[in-house]
Amino acid sequence: MKVRIDHAPLHEIDLTFSSGVTTVVGPNGAGKTSLLHAIAGLSPAQSVMVGHREWSHRPPEQRSVGLVPQEGALFPHLDVLHNVAFGPQARGVRRRAALTVATQWLDQLGIGHLAKRAVTTLSGGESQRVAMARALAIEPAVLLLDEPFSALDVGVAEGLRVELEPHFNDRITIMVTHDAIDVATLARHVVVLEEGRVAQVGRLHEVAAAPRTAHVARLTGANVLRGTARGHVIDLDATTQVHVGSSSNGPVLATFAPTAVTLATSPPLSSARNVWHTRVTQVLSTGQITRVHLASPPIWADLTPAAATELNIAVGAQIYAAVKATEVSVTETKTAPAPNR
Amino acid sequence: MTVPRRLLIPASLGAGLLVLPIIGLVLRAPLSTFGSLLTAPATLSALWLSVWTSTASTAVCVLLGIPLSWVLARAQFRFKSLLRGILLTPLVVPPVVAGVALLSAFGRNGFLGAPLRDGLGLSIPYTSIAVVLAHSFVAMPFFILSAEEGFRALPPRLEDVASTLGADAWTRFRRVGLPLARPALIAGAVLAWARSLGEFGATITFAGNYPGTTRTLPLEVYTQLQADPDAAIVVSLLLLIICVGVLAALRGRWLGGLR
């Protein structure tokens, strides 16, 4: 999908989106929600090309976008089932058939039992699932998500991410977010907006390697690993483990800052519980810091340019990475873990 | 409670102004003849006429007022605030002036009345249709005020989402706007009905005071006051009971405590 927009508050936007998740990040007031609205047809755009179809002259109802605004915006006068059936019905599907479609989507998102509930009685996580089911029920070509998980508990949010990821990857998904975990676990591409303009755009690794601002560095550089906890040990895969300070069981997210990782050319004699022997896949220097990406586990490490020179860091080099167990924070989730990407 | 004492005296006077006349009406009720006056043919006929003309004019207000309010709430066009001002003038114009205006338009020589009479043989003044027309004229602004405010208060995000889901403007109006504004629409209809029921000046000017066809309850009160004051008091009490009854019945059911 190619998008050109030059209507305030957006300026000279010229972006191409491919399938999978693109996260849109940037400070408040940067125009993130405006970008979603322009793609949906709720505000003007110069051009929105999807395949060979030009959408910019079509009203929203003649596009194929699933919009999930902040806090869901469910229809308060309809029950859960009729909220989800609204889209198919509005698109001409007969009532009975639309309700069947809605039921299937509710079941798929694990909320079939909520069908008859009034939306005002739902919890935050339930509301967000219903809003997702409603948007997906029209099988949109483009899914637009405005901070979809920001109002939820971290555990609930992570469970939803794992469940919804296949649906996000089936289509062009554009997600506005302030959450580093969204970026780390879902994003293939990142768009950075500042004051209505594209400040940076690229694949996640490209943007994470050379973040334009501290804000972008924080959002794109977080180390987020999915795994299964057994007490103080988290299994990432058959051979890789993370030792952590807190005890838990079942699917978890382990997160730590790139600055918490120390690198060495020989096995370190430090007290760090986590020491991985791995390979350097990417090295980028931005003056203040050198940011290094490692192969397994797939993490970022930040170090000073002087230290990088001393360690002779280069792509392909074998290296030891150490992280203290107490630097790793653990979030329990309610669903089975998905593989790390 | 931190109300300054000096406010209590004017506050009590205000309450008295509103409550004392009603107490007076109840005190003057003729107990011995109450039942027979209430079921007198003239009273029953006026009651029936009032109920059906008020209901009919409320239907007119709702059926025409909803589209009009939606246009006022949503459409952007020049002179919109001027149009809204004109539409709401019946709120402040003396009802007798409203009657004269209706007569000027629909009367035998009015610019609408003359062609209606010559072309279709239709004469509106001094008929029950005139009563409904007069009621609608004075009651419509009450409905529009409430309905437009209800439509304006709808969260735009819900309509945005509805449009992305595939709902065109008509579907958004029908499936999102109308049901969400329902409390405001019901409140507006109740106001319009109550205003119709009490209508006097425009009705007597435009529709006259003919028993059975145009003599509604307020006109019956006015007529009886000259002949039989007791009957006037009984009919007045009947009007009072209907109004209080309707408000009380609707309060809990739909309006959630009538803000």
# chains A, B, ... in the order shown; residues from 1 in each chain; ligands from 1
>>> residues_around(residues="stretch 236-246 of chain A", least_positions_apart="5", cutoff="7 Å", atoms="only C-alpha atoms", output="mmCIF file with N, CA and C atoms, in the first residue's frame")
data_model
loop_
_atom_site.group_PDB
_atom_site.id
_atom_site.type_symbol
_atom_site.label_atom_id
_atom_site.label_comp_id
_atom_site.auth_asym_id
_atom_site.auth_seq_id
_atom_site.Cartn_x
_atom_site.Cartn_y
_atom_site.Cartn_z
ATOM 1 N N ARG A 226 10.519 -14.003 24.497
ATOM 2 C CA ARG A 226 9.405 -14.839 24.924
ATOM 3 C C ARG A 226 9.926 -16.209 25.321
ATOM 4 N N GLY A 227 9.378 -16.773 26.388
ATOM 5 C CA GLY A 227 9.836 -18.087 26.804
ATOM 6 C C GLY A 227 8.889 -18.720 27.796
ATOM 7 N N THR A 228 9.298 -19.857 28.336
ATOM 8 C CA THR A 228 8.485 -20.554 29.324
ATOM 9 C C THR A 228 9.283 -20.632 30.624
ATOM 10 N N ARG A 273 24.547 -14.135 36.153
ATOM 11 C CA ARG A 273 24.024 -15.488 36.041
ATOM 12 C C ARG A 273 23.830 -15.886 34.577
ATOM 13 N N ASN A 274 23.640 -14.869 33.707
ATOM 14 C CA ASN A 274 23.434 -15.185 32.298
ATOM 15 C C ASN A 274 24.683 -14.869 31.494
ATOM 16 N N ALA A 325 20.908 -11.514 36.501
ATOM 17 C CA ALA A 325 19.527 -12.000 36.639
ATOM 18 C C ALA A 325 18.602 -10.903 37.145
ATOM 19 N N THR A 326 19.138 -10.022 38.011
ATOM 20 C CA THR A 326 18.282 -8.986 38.602
ATOM 21 C C THR A 326 17.938 -7.877 37.616
ATOM 22 N N VAL A 328 16.760 -8.481 34.680
ATOM 23 C CA VAL A 328 15.710 -8.978 33.784
ATOM 24 C C VAL A 328 14.359 -8.888 34.487
#
>>> residues_around(residues="B:Leu185", least_positions_apart="4", cutoff="8 Å", atoms="only C-alpha atoms", output="list of chain:residue names")
B:Val62, B:Phe143, B:Ser146, B:Ala147, B:Gly150, B:Ala181, B:Ala189
>>> write_last_selection(atoms="C-alpha atoms", output="PDB file, in the first residue's frame")
ATOM      1  CA  VAL B  62     -41.087  13.207  15.857  1.00  0.00           C
ATOM      2  CA  PHE B 143     -38.585  18.470  20.243  1.00  0.00           C
ATOM      3  CA  SER B 146     -33.806  18.148  22.700  1.00  0.00           C
ATOM      4  CA  ALA B 147     -33.156  15.993  19.614  1.00  0.00           C
ATOM      5  CA  GLY B 150     -28.914  14.504  21.648  1.00  0.00           C
ATOM      6  CA  ALA B 181     -29.910   9.447  20.886  1.00  0.00           C
ATOM      7  CA  ALA B 189     -41.331  13.805  22.513  1.00  0.00           C
TER       8      ALA B 189
END
>>> residues_around(residues="A:Val119", least_positions_apart="4", cutoff="8 Å", atoms="only C-alpha atoms", output="list in words")
Leu74, Phe75, Pro76, Leu78, Asp79, Val80 and Ser127 of chain A
>>> residues_around(residues="A:Gly196", least_positions_apart="6", cutoff="6 Å", atoms="only C-alpha atoms", output="NGL selection string")
:A and (9-11 or 30-31)
>>> closest_atom_pairs(of="chain A", to="chain B", cutoff="8 Å", atoms="only C-alpha atoms", output="CSV")
residue,atom,partner,partner_atom,distance
A:Ala40,CA,B:Thr164,CA,6.8
A:Leu42,CA,B:Asp160,CA,7.0
A:Pro60,CA,B:Thr164,CA,5.0
A:Glu61,CA,B:Gly166,CA,3.9
A:Gln62,CA,B:Gly166,CA,6.5
A:Arg63,CA,B:Thr164,CA,7.3
A:Ser64,CA,B:Thr164,CA,7.4
A:Val65,CA,B:Thr164,CA,6.0
A:Gly66,CA,B:Thr164,CA,6.4
A:Leu67,CA,B:Val161,CA,6.3
A:Val68,CA,B:Val161,CA,7.7
A:Pro69,CA,B:Arg157,CA,7.7
A:Ala73,CA,B:Leu158,CA,6.0
A:Leu74,CA,B:Leu158,CA,7.2
A:Phe75,CA,B:Leu158,CA,6.7
A:Pro76,CA,B:Leu180,CA,7.9
A:His77,CA,B:Leu180,CA,6.6
A:Phe86,CA,B:Leu165,CA,7.3
A:Gly87,CA,B:Leu165,CA,4.5
A:Pro88,CA,B:Leu165,CA,7.7
A:Ala90,CA,B:Ala167,CA,5.0
A:Arg91,CA,B:Gly166,CA,5.4
A:Ala135,CA,B:Leu165,CA,7.2
A:Ile138,CA,B:Leu165,CA,6.9
>>> select_by_dssp(residues="stretch 66-235 of chain B", states="helix (DSSP H, G or I)", output="ChimeraX atom specification")
/B:66-74,80-91,95-106,113-120,128-152,156-164,169-180,182-198,201-206,217-227,229-235
>>> residues_around(residues="B:Leu25", least_positions_apart="2", cutoff="10 Å", atoms="only C-alpha atoms", output="ChimeraX atom specification")
/B:20-23,27-29,233-234,236-237,240
>>> atom_distance(atom1="atom CA of B:Arg182", atom2="atom CA of B:Pro141")
17.4 Å
>>> residues_around(residues="A:His57", least_positions_apart="6", cutoff="12 Å", atoms="only C-alpha atoms", output="list in words")
Ala38, Ile39, Ala40, Gly41, Leu42, Ser43, Pro44, Ala45, Gln46, Ser47, Val48, Met49 and Arg63 of chain A
>>> residues_around(residues="A:Leu253", least_positions_apart="4", cutoff="12 Å", atoms="only C-alpha atoms", output="NGL selection string")
:A and (154-159 or 161-162 or 181-182 or 184-185 or 222-229 or 234-236 or 242 or 244 or 248-249 or 328-340)
>>> closest_residue(among="B:Ala202, B:Leu8, B:Leu197, B:Leu178", to="B:Val97", atoms="only C-alpha atoms")
B:Ala202
